Structures are given as structure tokens and as C-alpha cells.
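So this block is coords.cif, mmCIF, C-alpha atoms:
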data_my_file
loop_
_atom_site.group_PDB
_atom_site.id
_atom_site.type_symbol
_atom_site.label_atom_id
_atom_site.label_comp_id
_atom_site.auth_asym_id
_atom_site.auth_seq_id
_atom_site.Cartn_x
_atom_site.Cartn_y
_atom_site.Cartn_z
ATOM 1 C CA MET A 1 -44.012 18.708 -51.759
ATOM 2 C CA THR A 2 -40.780 18.809 -49.781
ATOM 3 C CA HIS A 3 -39.403 15.642 -48.244
ATOM 4 C CA ALA A 4 -39.751 14.674 -44.603
ATOM 5 C CA LEU A 5 -37.034 15.406 -42.044
ATOM 6 C CA THR A 6 -36.107 13.344 -39.038
ATOM 7 C CA ILE A 7 -35.618 14.750 -35.565
ATOM 8 C CA GLU A 8 -34.083 12.830 -32.720
ATOM 9 C CA PRO A 9 -34.999 14.395 -29.389
ATOM 10 C CA ILE A 10 -31.926 15.442 -27.389
ATOM 11 C CA GLY A 11 -33.637 14.512 -24.136
ATOM 12 C CA VAL A 12 -36.835 14.829 -22.161
ATOM 13 C CA ILE A 13 -38.454 17.512 -19.983
ATOM 14 C CA ARG A 14 -39.277 16.675 -16.362
ATOM 15 C CA SER A 15 -42.048 18.920 -15.099
ATOM 16 C CA PRO A 16 -44.688 18.871 -12.363
ATOM 17 C CA LEU A 17 -47.371 19.435 -15.046
ATOM 18 C CA ARG A 18 -49.285 16.235 -15.777
ATOM 19 C CA SER A 19 -52.362 17.414 -17.699
ATOM 20 C CA ALA A 20 -53.718 20.233 -19.801
ATOM 21 C CA ALA A 21 -55.887 21.361 -16.900
ATOM 22 C CA GLU A 22 -52.768 22.208 -14.898
ATOM 23 C CA ALA A 23 -50.989 23.995 -17.738
ATOM 24 C CA PRO A 24 -50.733 27.786 -17.658
ATOM 25 C CA ARG A 25 -52.222 29.501 -20.704
ATOM 26 C CA GLN A 26 -49.092 31.385 -21.612
ATOM 27 C CA GLY A 27 -45.562 30.155 -21.004
ATOM 28 C CA ARG A 28 -44.066 33.531 -20.407
ATOM 29 C CA GLU A 29 -46.170 33.956 -17.286
ATOM 30 C CA ALA A 30 -45.280 30.520 -15.966
ATOM 31 C CA ARG A 31 -42.691 30.221 -13.220
ATOM 32 C CA ILE A 32 -42.830 26.453 -13.107
ATOM 33 C CA GLU A 33 -39.578 24.667 -12.339
ATOM 34 C CA GLY A 34 -38.425 21.448 -13.920
ATOM 35 C CA VAL A 35 -35.408 19.682 -15.360
ATOM 36 C CA LEU A 36 -34.109 19.284 -18.903
ATOM 37 C CA GLU A 37 -32.749 15.737 -18.922
ATOM 38 C CA ILE A 38 -30.352 15.826 -21.846
ATOM 39 C CA GLU A 39 -28.930 12.536 -23.110
ATOM 40 C CA GLU A 40 -25.411 11.669 -22.032
ATOM 41 C CA ARG A 41 -24.191 11.525 -25.637
ATOM 42 C CA TYR A 42 -24.737 15.307 -25.846
ATOM 43 C CA ARG A 43 -22.595 16.145 -22.798
ATOM 44 C CA ASP A 44 -20.049 18.093 -24.886
ATOM 45 C CA ALA A 45 -22.851 20.206 -26.365
ATOM 46 C CA CYS A 46 -23.791 21.418 -22.860
ATOM 47 C CA VAL A 47 -20.409 23.052 -22.128
ATOM 48 C CA GLY A 48 -21.018 26.725 -21.369
ATOM 49 C CA LEU A 49 -24.503 26.379 -19.880
ATOM 50 C CA LYS A 50 -24.506 28.036 -16.445
ATOM 51 C CA PRO A 51 -26.968 29.008 -13.694
ATOM 52 C CA GLY A 52 -28.516 32.439 -14.221
ATOM 53 C CA GLN A 53 -28.453 32.241 -18.008
ATOM 54 C CA ASN A 54 -31.606 32.744 -20.034
ATOM 55 C CA ILE A 55 -31.975 30.143 -22.738
ATOM 56 C CA VAL A 56 -34.468 29.234 -25.411
ATOM 57 C CA ILE A 57 -35.730 25.677 -25.641
ATOM 58 C CA LEU A 58 -37.591 23.930 -28.420
ATOM 59 C CA TYR A 59 -39.795 20.983 -27.603
ATOM 60 C CA TRP A 60 -42.286 18.694 -29.275
ATOM 61 C CA MET A 61 -45.905 19.205 -28.171
ATOM 62 C CA HIS A 62 -46.700 15.524 -28.437
ATOM 63 C CA LEU A 63 -50.342 16.092 -27.473
ATOM 64 C CA GLY A 64 -50.895 18.533 -30.343
ATOM 65 C CA GLU A 65 -53.187 17.463 -33.195
ATOM 66 C CA ARG A 66 -51.168 17.760 -36.377
ATOM 67 C CA ASP A 67 -54.156 17.788 -38.727
ATOM 68 C CA ARG A 68 -55.951 20.746 -37.079
ATOM 69 C CA LEU A 69 -55.458 23.740 -39.367
ATOM 70 C CA GLN A 70 -57.787 26.170 -37.562
ATOM 71 C CA VAL A 71 -58.594 26.846 -33.909
ATOM 72 C CA HIS A 72 -60.607 29.220 -31.770
ATOM 73 C CA PRO A 73 -57.949 31.504 -30.253
ATOM 74 C CA ARG A 74 -57.146 30.400 -26.700
ATOM 75 C CA GLY A 75 -59.907 27.805 -26.982
ATOM 76 C CA ASP A 76 -62.594 30.497 -26.689
ATOM 77 C CA ARG A 77 -65.434 29.271 -28.914
ATOM 78 C CA SER A 78 -67.007 32.735 -29.005
ATOM 79 C CA ARG A 79 -64.040 33.894 -31.085
ATOM 80 C CA PRO A 80 -63.948 33.097 -34.813
ATOM 81 C CA LEU A 81 -61.736 30.314 -36.138
ATOM 82 C CA ARG A 82 -58.229 31.346 -37.099
ATOM 83 C CA GLY A 83 -55.494 29.583 -39.026
ATOM 84 C CA VAL A 84 -53.044 27.953 -36.639
ATOM 85 C CA PHE A 85 -50.122 29.823 -38.255
ATOM 86 C CA SER A 86 -51.506 33.085 -36.824
ATOM 87 C CA THR A 87 -51.742 31.596 -33.297
ATOM 88 C CA ARG A 88 -49.529 29.833 -30.725
ATOM 89 C CA SER A 89 -51.865 26.820 -30.570
ATOM 90 C CA PRO A 90 -50.237 23.450 -29.814
ATOM 91 C CA HIS A 91 -52.301 22.079 -32.704
ATOM 92 C CA ARG A 92 -50.271 22.620 -35.897
ATOM 93 C CA PRO A 93 -48.616 20.515 -38.608
ATOM 94 C CA ASN A 94 -45.244 20.515 -36.808
ATOM 95 C CA PRO A 95 -46.052 20.963 -33.102
ATOM 96 C CA ILE A 96 -42.772 22.569 -32.018
ATOM 97 C CA ALA A 97 -42.927 24.949 -29.054
ATOM 98 C CA ILE A 98 -40.523 27.796 -28.280
ATOM 99 C CA GLU A 99 -39.985 28.719 -24.656
ATOM 100 C CA ASN A 100 -37.676 31.095 -22.780
ATOM 101 C CA VAL A 101 -36.452 29.676 -19.480
ATOM 102 C CA GLU A 102 -33.831 30.538 -16.883
ATOM 103 C CA ILE A 103 -31.159 28.076 -15.785
ATOM 104 C CA LEU A 104 -31.225 27.416 -12.039
ATOM 105 C CA ALA A 105 -28.588 24.691 -11.806
ATOM 106 C CA VAL A 106 -26.458 22.444 -14.010
ATOM 107 C CA GLU A 107 -25.473 18.909 -12.992
ATOM 108 C CA GLY A 108 -23.790 17.196 -15.895
ATOM 109 C CA THR A 109 -26.469 16.929 -18.559
ATOM 110 C CA ASN A 110 -29.363 17.703 -16.181
ATOM 111 C CA ILE A 111 -30.324 21.361 -16.450
ATOM 112 C CA ALA A 112 -32.753 22.682 -13.824
ATOM 113 C CA VAL A 113 -34.820 25.566 -15.218
ATOM 114 C CA ARG A 114 -37.637 27.942 -14.290
ATOM 115 C CA GLY A 115 -40.383 29.195 -16.616
ATOM 116 C CA LEU A 116 -41.679 25.952 -18.110
ATOM 117 C CA ASP A 117 -45.139 25.125 -19.279
ATOM 118 C CA ALA A 118 -44.363 21.753 -20.846
ATOM 119 C CA PHE A 119 -45.903 18.529 -19.619
ATOM 120 C CA ASP A 120 -43.787 15.914 -17.902
ATOM 121 C CA GLY A 121 -42.204 13.599 -20.454
ATOM 122 C CA THR A 122 -42.183 16.120 -23.315
ATOM 123 C CA PRO A 123 -39.472 15.426 -25.930
ATOM 124 C CA LEU A 124 -36.792 18.154 -25.884
ATOM 125 C CA LEU A 125 -35.470 19.139 -29.338
ATOM 126 C CA ASP A 126 -32.961 21.935 -28.820
ATOM 127 C CA VAL A 127 -31.395 24.396 -26.382
ATOM 128 C CA LYS A 128 -30.017 27.767 -27.526
ATOM 129 C CA CYS A 129 -28.646 30.874 -25.846
ATOM 130 C CA GLU A 130 -30.869 33.952 -26.029
ATOM 131 C CA TYR A 131 -29.716 36.745 -28.289
ATOM 132 C CA MET B 132 -33.026 7.057 -25.944
ATOM 133 C CA THR B 133 -36.247 8.649 -27.156
ATOM 134 C CA HIS B 134 -37.690 7.720 -30.535
ATOM 135 C CA ALA B 135 -37.296 9.774 -33.693
ATOM 136 C CA LEU B 136 -39.959 12.227 -34.839
ATOM 137 C CA THR B 137 -40.904 13.109 -38.376
ATOM 138 C CA ILE B 138 -41.313 16.636 -39.642
ATOM 139 C CA GLU B 139 -42.865 17.526 -42.939
ATOM 140 C CA PRO B 140 -41.875 21.024 -44.030
ATOM 141 C CA ILE B 141 -44.902 23.276 -44.554
ATOM 142 C CA GLY B 142 -43.164 25.041 -47.419
ATOM 143 C CA VAL B 143 -39.945 26.638 -48.549
ATOM 144 C CA ILE B 144 -38.238 30.010 -48.040
ATOM 145 C CA ARG B 145 -37.393 32.115 -51.089
ATOM 146 C CA SER B 146 -34.564 34.494 -50.287
ATOM 147 C CA PRO B 147 -31.887 36.414 -52.188
ATOM 148 C CA LEU B 148 -29.216 34.742 -49.997
ATOM 149 C CA ARG B 149 -27.393 32.016 -51.902
ATOM 150 C CA SER B 150 -24.318 31.289 -49.781
ATOM 151 C CA ALA B 151 -22.931 31.543 -46.261
ATOM 152 C CA ALA B 152 -20.687 34.405 -47.358
ATOM 153 C CA GLU B 153 -23.755 36.552 -48.012
ATOM 154 C CA ALA B 154 -25.544 35.675 -44.793
ATOM 155 C CA PRO B 155 -25.728 38.251 -42.016
ATOM 156 C CA ARG B 156 -24.266 37.112 -38.696
ATOM 157 C CA GLN B 157 -27.375 37.772 -36.675
ATOM 158 C CA GLY B 158 -30.880 37.496 -37.965
ATOM 159 C CA ARG B 159 -32.310 40.247 -35.863
ATOM 160 C CA GLU B 160 -30.156 42.805 -37.639
ATOM 161 C CA ALA B 161 -31.100 41.531 -41.063
ATOM 162 C CA ARG B 162 -33.660 43.429 -43.119
ATOM 163 C CA ILE B 163 -33.587 40.993 -45.998
ATOM 164 C CA GLU B 164 -36.861 40.451 -47.825
ATOM 165 C CA GLY B 165 -38.103 37.148 -49.148
ATOM 166 C CA VAL B 166 -41.175 34.971 -49.473
ATOM 167 C CA LEU B 167 -42.532 32.113 -47.389
ATOM 168 C CA GLU B 168 -43.980 29.759 -49.998
ATOM 169 C CA ILE B 169 -46.414 27.700 -47.959
ATOM 170 C CA GLU B 170 -47.935 24.615 -49.538
ATOM 171 C CA GLU B 171 -51.471 24.913 -50.874
ATOM 172 C CA ARG B 172 -52.731 22.158 -48.550
ATOM 173 C CA TYR B 173 -52.091 24.534 -45.595
ATOM 174 C CA ARG B 174 -54.155 27.401 -46.994
ATOM 175 C CA ASP B 175 -56.686 27.207 -44.127
ATOM 176 C CA ALA B 176 -53.862 27.447 -41.595
ATOM 177 C CA CYS B 177 -52.844 30.842 -43.054
ATOM 178 C CA VAL B 178 -56.165 32.555 -42.282
ATOM 179 C CA GLY B 179 -55.477 35.563 -40.055
ATOM 180 C CA LEU B 180 -51.978 36.356 -41.350
ATOM 181 C CA LYS B 181 -51.895 40.016 -42.409
ATOM 182 C CA PRO B 182 -49.391 42.648 -43.545
ATOM 183 C CA GLY B 183 -47.751 44.504 -40.661
ATOM 184 C CA GLN B 184 -47.869 41.548 -38.277
ATOM 185 C CA ASN B 185 -44.725 40.309 -36.592
ATOM 186 C CA ILE B 186 -44.451 36.550 -36.724
ATOM 187 C CA VAL B 187 -42.001 33.891 -35.643
ATOM 188 C CA ILE B 188 -40.834 31.326 -38.159
ATOM 189 C CA LEU B 189 -39.039 28.049 -37.614
ATOM 190 C CA TYR B 190 -36.906 26.630 -40.370
ATOM 191 C CA TRP B 191 -34.480 23.800 -40.966
ATOM 192 C CA MET B 192 -30.854 24.875 -41.383
ATOM 193 C CA HIS B 193 -30.153 22.200 -43.948
ATOM 194 C CA LEU B 194 -26.478 23.199 -44.220
ATOM 195 C CA GLY B 195 -25.907 22.691 -40.484
ATOM 196 C CA GLU B 196 -23.668 19.791 -39.406
ATOM 197 C CA ARG B 197 -25.711 17.685 -37.029
ATOM 198 C CA ASP B 198 -22.741 15.878 -35.468
ATOM 199 C CA ARG B 199 -20.869 19.039 -34.411
ATOM 200 C CA LEU B 200 -21.311 19.353 -30.626
ATOM 201 C CA GLN B 201 -18.914 22.257 -30.052
ATOM 202 C CA VAL B 202 -18.045 25.401 -31.995
ATOM 203 C CA HIS B 203 -15.954 28.540 -31.670
ATOM 204 C CA PRO B 204 -18.560 31.241 -30.956
ATOM 205 C CA ARG B 205 -19.346 33.164 -34.151
ATOM 206 C CA GLY B 206 -16.655 31.162 -35.936
ATOM 207 C CA ASP B 207 -13.894 33.118 -34.150
ATOM 208 C CA ARG B 208 -11.103 30.579 -33.589
ATOM 209 C CA SER B 209 -9.435 32.784 -30.974
ATOM 210 C CA ARG B 210 -12.408 32.066 -28.693
ATOM 211 C CA PRO B 211 -12.550 28.773 -26.806
ATOM 212 C CA LEU B 212 -14.838 25.980 -27.963
ATOM 213 C CA ARG B 213 -18.341 26.029 -26.500
ATOM 214 C CA GLY B 214 -21.130 23.505 -26.503
ATOM 215 C CA VAL B 215 -23.593 24.248 -29.286
ATOM 216 C CA PHE B 216 -26.474 24.369 -26.781
ATOM 217 C CA SER B 217 -25.006 27.587 -25.342
ATOM 218 C CA THR B 218 -24.772 29.193 -28.797
ATOM 219 C CA ARG B 219 -27.009 29.986 -31.810
ATOM 220 C CA SER B 220 -24.740 28.043 -34.172
ATOM 221 C CA PRO B 221 -26.436 26.381 -37.178
ATOM 222 C CA HIS B 222 -24.431 23.273 -36.271
ATOM 223 C CA ARG B 223 -26.481 21.305 -33.733
ATOM 224 C CA PRO B 224 -28.214 17.933 -33.457
ATOM 225 C CA ASN B 225 -31.567 19.345 -34.638
ATOM 226 C CA PRO B 226 -30.709 22.380 -36.781
ATOM 227 C CA ILE B 227 -33.938 24.337 -36.274
ATOM 228 C CA ALA B 228 -33.683 28.136 -36.488
ATOM 229 C CA ILE B 229 -36.022 30.664 -34.869
ATOM 230 C CA GLU B 230 -36.498 33.995 -36.587
ATOM 231 C CA ASN B 231 -38.727 37.021 -36.051
ATOM 232 C CA VAL B 232 -39.939 38.551 -39.287
ATOM 233 C CA GLU B 233 -42.514 41.126 -40.361
ATOM 234 C CA ILE B 234 -45.227 40.371 -42.890
ATOM 235 C CA LEU B 235 -45.142 42.716 -45.887
ATOM 236 C CA ALA B 236 -47.846 41.128 -48.047
ATOM 237 C CA VAL B 237 -50.049 38.056 -48.215
ATOM 238 C CA GLU B 238 -51.094 36.479 -51.530
ATOM 239 C CA GLY B 239 -52.862 33.218 -50.851
ATOM 240 C CA THR B 240 -50.228 30.981 -49.302
ATOM 241 C CA ASN B 241 -47.296 33.184 -50.340
ATOM 242 C CA ILE B 242 -46.238 35.407 -47.447
ATOM 243 C CA ALA B 243 -43.749 38.179 -48.240
ATOM 244 C CA VAL B 244 -41.629 39.028 -45.179
ATOM 245 C CA ARG B 245 -38.741 41.242 -44.076
ATOM 246 C CA GLY B 246 -36.000 40.269 -41.626
ATOM 247 C CA LEU B 247 -34.796 36.953 -43.039
ATOM 248 C CA ASP B 248 -31.371 35.450 -42.905
ATOM 249 C CA ALA B 249 -32.242 32.047 -44.349
ATOM 250 C CA PHE B 250 -30.775 30.786 -47.600
ATOM 251 C CA ASP B 251 -32.932 30.368 -50.655
ATOM 252 C CA GLY B 252 -34.585 26.949 -50.656
ATOM 253 C CA THR B 253 -34.588 26.504 -46.866
ATOM 254 C CA PRO B 254 -37.354 24.168 -45.610
ATOM 255 C CA LEU B 255 -39.965 26.088 -43.590
ATOM 256 C CA LEU B 256 -41.295 24.212 -40.540
ATOM 257 C CA ASP B 257 -43.727 26.523 -38.773
ATOM 258 C CA VAL B 258 -45.204 30.026 -38.562
ATOM 259 C CA LYS B 259 -46.533 31.444 -35.273
ATOM 260 C CA CYS B 260 -47.786 34.807 -34.085
ATOM 261 C CA GLU B 261 -45.517 36.677 -31.691
ATOM 262 C CA TYR B 262 -46.637 36.899 -28.088
#

Show me this structure written as C-alpha cells.
Amino acid sequence: MTHALTIEPIGVIRSPLRSAAEAPRQGREARIEGVLEIEERYRDACVGLKPGQNIVILYWMHLGERDRLQVHPRGDRSRPLRGVFSTRSPHRPNPIAIENVEILAVEGTNIAVRGLDAFDGTPLLDVKCEY
Amino acid sequence: MTHALTIEPIGVIRSPLRSAAEAPRQGREARIEGVLEIEERYRDACVGLKPGQNIVILYWMHLGERDRLQVHPRGDRSRPLRGVFSTRSPHRPNPIAIENVEILAVEGTNIAVRGLDAFDGTPLLDVKCEY
């Protein structure tokens, strides 16, 4: 068994989404706007982020159940159980989400984006440029 | 400041790449074959993974320097420094890589894939289906 790793979130996601009922099923269809509140200590790491860019964010799905190894795809109980590694379920051993968003505005370490489906208060782990 | 999170790798990546000198610059051009050795305790989570599928893997770039906030893009010192959040550099506060790979074969919890650019021994964090 490999040893555990420690992640320190780089900030938090501010979003109008407050509950699972409000969340869109698939992020790529979502046009929800919110703000990536990156911690001040990472200001230098934000240099180069500009409005109009498409970026990839990683965040921690803190409501995911880490001990669920199988799910009904999209929560549809008429479909057979599948291993979480062949789905995009938030329930998985390491509940890290990948999302493509567009930068709308940059104010210091606050990055306004469009295309979110994260809940308000979600821990942000990383920001990358798209290939 | 948000609190730290703990990740337990789900397995390890076996790859012919042993050093940075051998690594391709961009994963999406790589056709390198290797094996995702997932731990036995996650066998149920692998149900549904099949040859021919395209999947997304997350892994921990254990050679990345977590305190580097700026880099010369692609290591080219003639280019001005940029914040790591506007690059795909392995140097970043949480050195998590995203890679798209194709499944070649599945034997229990060993998943043979093509398209890697991870070093041998890299901790594997997650496997997801592509959208």
C-alpha cells in the first residue's frame, strides 16, 4: 500500500449552487458563473491568467462518499451498478473533480469564471491552462 | 486558510520512463504504453473498465517542486516567467497531473494503457471515464 499524500487547497470556489438539487448533471453543459478565491500567498502563481482564457480546475468534491466503490450511472437505479473508476461519480476514493471553465475577469487572486458546477465553499486544488 | 486534505493513492503507474530526459513534453502526443497497477482493495471500483475505452487518469507528480510559483514556459529561459496556474508545469502547490489514455487490456486490477507520460512508480490518484 502506498503512503498517504497531503493536499493543501489553494483557495475556495464561490458559486450560487448550494445543494445537489440545484447542481447540473454534467459540468460541460453548465454555464454557471462564480469566483475562484485563491489565497493571497499564491498571488505570484496567478501571473498570466487573463479574461477569455479557458482553464482547467481541479477541486475536492467534499460531499463525495470515499468508501463507495460502485454506483448506478447518473443515479439511475434501473441501470446496473458500475465501478466508480468507469464513471464520473463524485463518490470515489479520492473525490477530485476536473472542470473546464472560462475566465471572465481577474482581480488580484480572485478569478471570475463561467462553466462551474461546484457547490459554494468547495476546496480548490489547482488551476491549469488548457492544452 | 483552508485545512489540509489527505489522499491515499489507489495504485501506482508502471511505465518505461525512468527520468525527465526521457519524458515527452506533452502527454497528448505520447503513445507510451504502461500499466495502472490498482490496489486489490479497489477491485469493485474497476468493474466496467474495458479495452478500447478512453479514460482520464489523475496522478501525483512526485518530482514536482511544490514551492515553485513561477516557471519559464516549457523550461525555455528566453520566455518570461509565468505563474504556474497559467501553465501545465509539474511544479505547482498540488502537483496533480491529468492525462487521457486508452485502455489496451484489463487483467483484474491491472489496466494496460497507451498514452502515458508518467514516470515509473508514479502514485495513481484516480481513474474516470471520459465525457

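Each of B:Pro211, B:Ser217, B:Asn225, B:Arg172 was compared to Glu196 of chain B using only C-alpha atoms, and B:Asn225 turns out to be the nearest.
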
If I take atom CA of Arg145 of chain B and atom CA of Pro254 of chain B, how far is one from the other in Å, to one decimal?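 These two atoms are separated by 9.7 Å.
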
When you get a sec, could you note down which chain A residues fall within 9 Å of chain B, using all atoms listed in the file, as a ChimeraX atom specification? /A:1-12,26,28,39,42-50,55,58,60,68-70,81-89,92-96,98,123,125-131

For the file shown, report as number ranges by chain the outcome of the PyMOL selection byres ((chain A and resi 51) around 7) at residue level. A: 50, 52-53, 103-106

Using all C-alpha atoms paired in order, least-squares fit chain A onto chain B and give me the moved copy as a tab-separated table (two decimals) with C-alpha atoms, in the coordinates of the input.
chain	number	residue	atom	x	y	z
A	1	MET	CA	-33.02	7.04	-25.96
A	2	THR	CA	-36.23	8.65	-27.18
A	3	HIS	CA	-37.66	7.72	-30.55
A	4	ALA	CA	-37.30	9.77	-33.70
A	5	LEU	CA	-39.97	12.23	-34.84
A	6	THR	CA	-40.91	13.11	-38.37
A	7	ILE	CA	-41.32	16.64	-39.64
A	8	GLU	CA	-42.87	17.52	-42.96
A	9	PRO	CA	-41.88	21.02	-44.03
A	10	ILE	CA	-44.91	23.28	-44.55
A	11	GLY	CA	-43.18	25.04	-47.43
A	12	VAL	CA	-39.95	26.64	-48.55
A	13	ILE	CA	-38.25	30.01	-48.03
A	14	ARG	CA	-37.40	32.13	-51.08
A	15	SER	CA	-34.57	34.50	-50.28
A	16	PRO	CA	-31.90	36.44	-52.17
A	17	LEU	CA	-29.23	34.75	-49.99
A	18	ARG	CA	-27.40	32.03	-51.90
A	19	SER	CA	-24.32	31.31	-49.77
A	20	ALA	CA	-22.92	31.59	-46.28
A	21	ALA	CA	-20.69	34.45	-47.40
A	22	GLU	CA	-23.77	36.58	-48.08
A	23	ALA	CA	-25.54	35.71	-44.83
A	24	PRO	CA	-25.70	38.30	-42.06
A	25	ARG	CA	-24.21	37.15	-38.77
A	26	GLN	CA	-27.30	37.81	-36.73
A	27	GLY	CA	-30.85	37.52	-38.01
A	28	ARG	CA	-32.26	40.26	-35.88
A	29	GLU	CA	-30.11	42.81	-37.67
A	30	ALA	CA	-31.07	41.52	-41.10
A	31	ARG	CA	-33.63	43.43	-43.13
A	32	ILE	CA	-33.58	40.99	-46.01
A	33	GLU	CA	-36.87	40.45	-47.82
A	34	GLY	CA	-38.11	37.15	-49.15
A	35	VAL	CA	-41.19	34.98	-49.47
A	36	LEU	CA	-42.54	32.11	-47.38
A	37	GLU	CA	-43.98	29.76	-50.00
A	38	ILE	CA	-46.41	27.70	-47.95
A	39	GLU	CA	-47.92	24.60	-49.54
A	40	GLU	CA	-51.45	24.90	-50.87
A	41	ARG	CA	-52.71	22.16	-48.56
A	42	TYR	CA	-52.08	24.51	-45.61
A	43	ARG	CA	-54.17	27.39	-47.00
A	44	ASP	CA	-56.69	27.20	-44.13
A	45	ALA	CA	-53.85	27.44	-41.60
A	46	CYS	CA	-52.84	30.84	-43.05
A	47	VAL	CA	-56.18	32.56	-42.29
A	48	GLY	CA	-55.47	35.56	-40.07
A	49	LEU	CA	-51.98	36.35	-41.36
A	50	LYS	CA	-51.90	40.01	-42.42
A	51	PRO	CA	-49.38	42.65	-43.56
A	52	GLY	CA	-47.76	44.51	-40.67
A	53	GLN	CA	-47.87	41.56	-38.28
A	54	ASN	CA	-44.73	40.31	-36.59
A	55	ILE	CA	-44.45	36.56	-36.72
A	56	VAL	CA	-42.01	33.90	-35.64
A	57	ILE	CA	-40.84	31.32	-38.14
A	58	LEU	CA	-39.05	28.04	-37.61
A	59	TYR	CA	-36.91	26.63	-40.37
A	60	TRP	CA	-34.49	23.80	-40.98
A	61	MET	CA	-30.85	24.87	-41.37
A	62	HIS	CA	-30.15	22.20	-43.94
A	63	LEU	CA	-26.48	23.20	-44.20
A	64	GLY	CA	-25.90	22.68	-40.47
A	65	GLU	CA	-23.67	19.79	-39.39
A	66	ARG	CA	-25.72	17.67	-37.02
A	67	ASP	CA	-22.76	15.87	-35.46
A	68	ARG	CA	-20.87	19.03	-34.38
A	69	LEU	CA	-21.32	19.34	-30.62
A	70	GLN	CA	-18.91	22.25	-30.04
A	71	VAL	CA	-18.05	25.40	-31.98
A	72	HIS	CA	-15.96	28.52	-31.67
A	73	PRO	CA	-18.54	31.24	-30.95
A	74	ARG	CA	-19.33	33.17	-34.14
A	75	GLY	CA	-16.64	31.16	-35.91
A	76	ASP	CA	-13.88	33.11	-34.13
A	77	ARG	CA	-11.10	30.56	-33.59
A	78	SER	CA	-9.44	32.77	-30.97
A	79	ARG	CA	-12.40	32.07	-28.68
A	80	PRO	CA	-12.56	28.77	-26.78
A	81	LEU	CA	-14.85	25.98	-27.95
A	82	ARG	CA	-18.34	26.04	-26.50
A	83	GLY	CA	-21.14	23.49	-26.50
A	84	VAL	CA	-23.60	24.24	-29.28
A	85	PHE	CA	-26.50	24.36	-26.78
A	86	SER	CA	-25.02	27.57	-25.32
A	87	THR	CA	-24.78	29.19	-28.79
A	88	ARG	CA	-27.00	29.98	-31.80
A	89	SER	CA	-24.74	28.03	-34.17
A	90	PRO	CA	-26.44	26.38	-37.16
A	91	HIS	CA	-24.44	23.26	-36.27
A	92	ARG	CA	-26.49	21.30	-33.71
A	93	PRO	CA	-28.23	17.91	-33.45
A	94	ASN	CA	-31.58	19.34	-34.62
A	95	PRO	CA	-30.72	22.37	-36.77
A	96	ILE	CA	-33.95	24.33	-36.27
A	97	ALA	CA	-33.70	28.12	-36.48
A	98	ILE	CA	-36.03	30.66	-34.85
A	99	GLU	CA	-36.50	33.98	-36.58
A	100	ASN	CA	-38.73	37.02	-36.04
A	101	VAL	CA	-39.95	38.56	-39.29
A	102	GLU	CA	-42.52	41.13	-40.36
A	103	ILE	CA	-45.24	40.37	-42.90
A	104	LEU	CA	-45.15	42.71	-45.89
A	105	ALA	CA	-47.85	41.13	-48.05
A	106	VAL	CA	-50.05	38.04	-48.22
A	107	GLU	CA	-51.11	36.46	-51.52
A	108	GLY	CA	-52.87	33.20	-50.84
A	109	THR	CA	-50.23	30.97	-49.29
A	110	ASN	CA	-47.29	33.19	-50.33
A	111	ILE	CA	-46.24	35.41	-47.44
A	112	ALA	CA	-43.75	38.19	-48.24
A	113	VAL	CA	-41.63	39.02	-45.18
A	114	ARG	CA	-38.75	41.23	-44.06
A	115	GLY	CA	-36.00	40.27	-41.60
A	116	LEU	CA	-34.80	36.96	-43.03
A	117	ASP	CA	-31.38	35.46	-42.90
A	118	ALA	CA	-32.25	32.06	-44.35
A	119	PHE	CA	-30.77	30.78	-47.59
A	120	ASP	CA	-32.93	30.36	-50.66
A	121	GLY	CA	-34.60	26.96	-50.66
A	122	THR	CA	-34.59	26.51	-46.87
A	123	PRO	CA	-37.35	24.17	-45.62
A	124	LEU	CA	-39.96	26.09	-43.59
A	125	LEU	CA	-41.30	24.21	-40.54
A	126	ASP	CA	-43.73	26.53	-38.78
A	127	VAL	CA	-45.21	30.02	-38.56
A	128	LYS	CA	-46.52	31.45	-35.27
A	129	CYS	CA	-47.80	34.81	-34.07
A	130	GLU	CA	-45.51	36.68	-31.68
A	131	TYR	CA	-46.62	36.89	-28.08
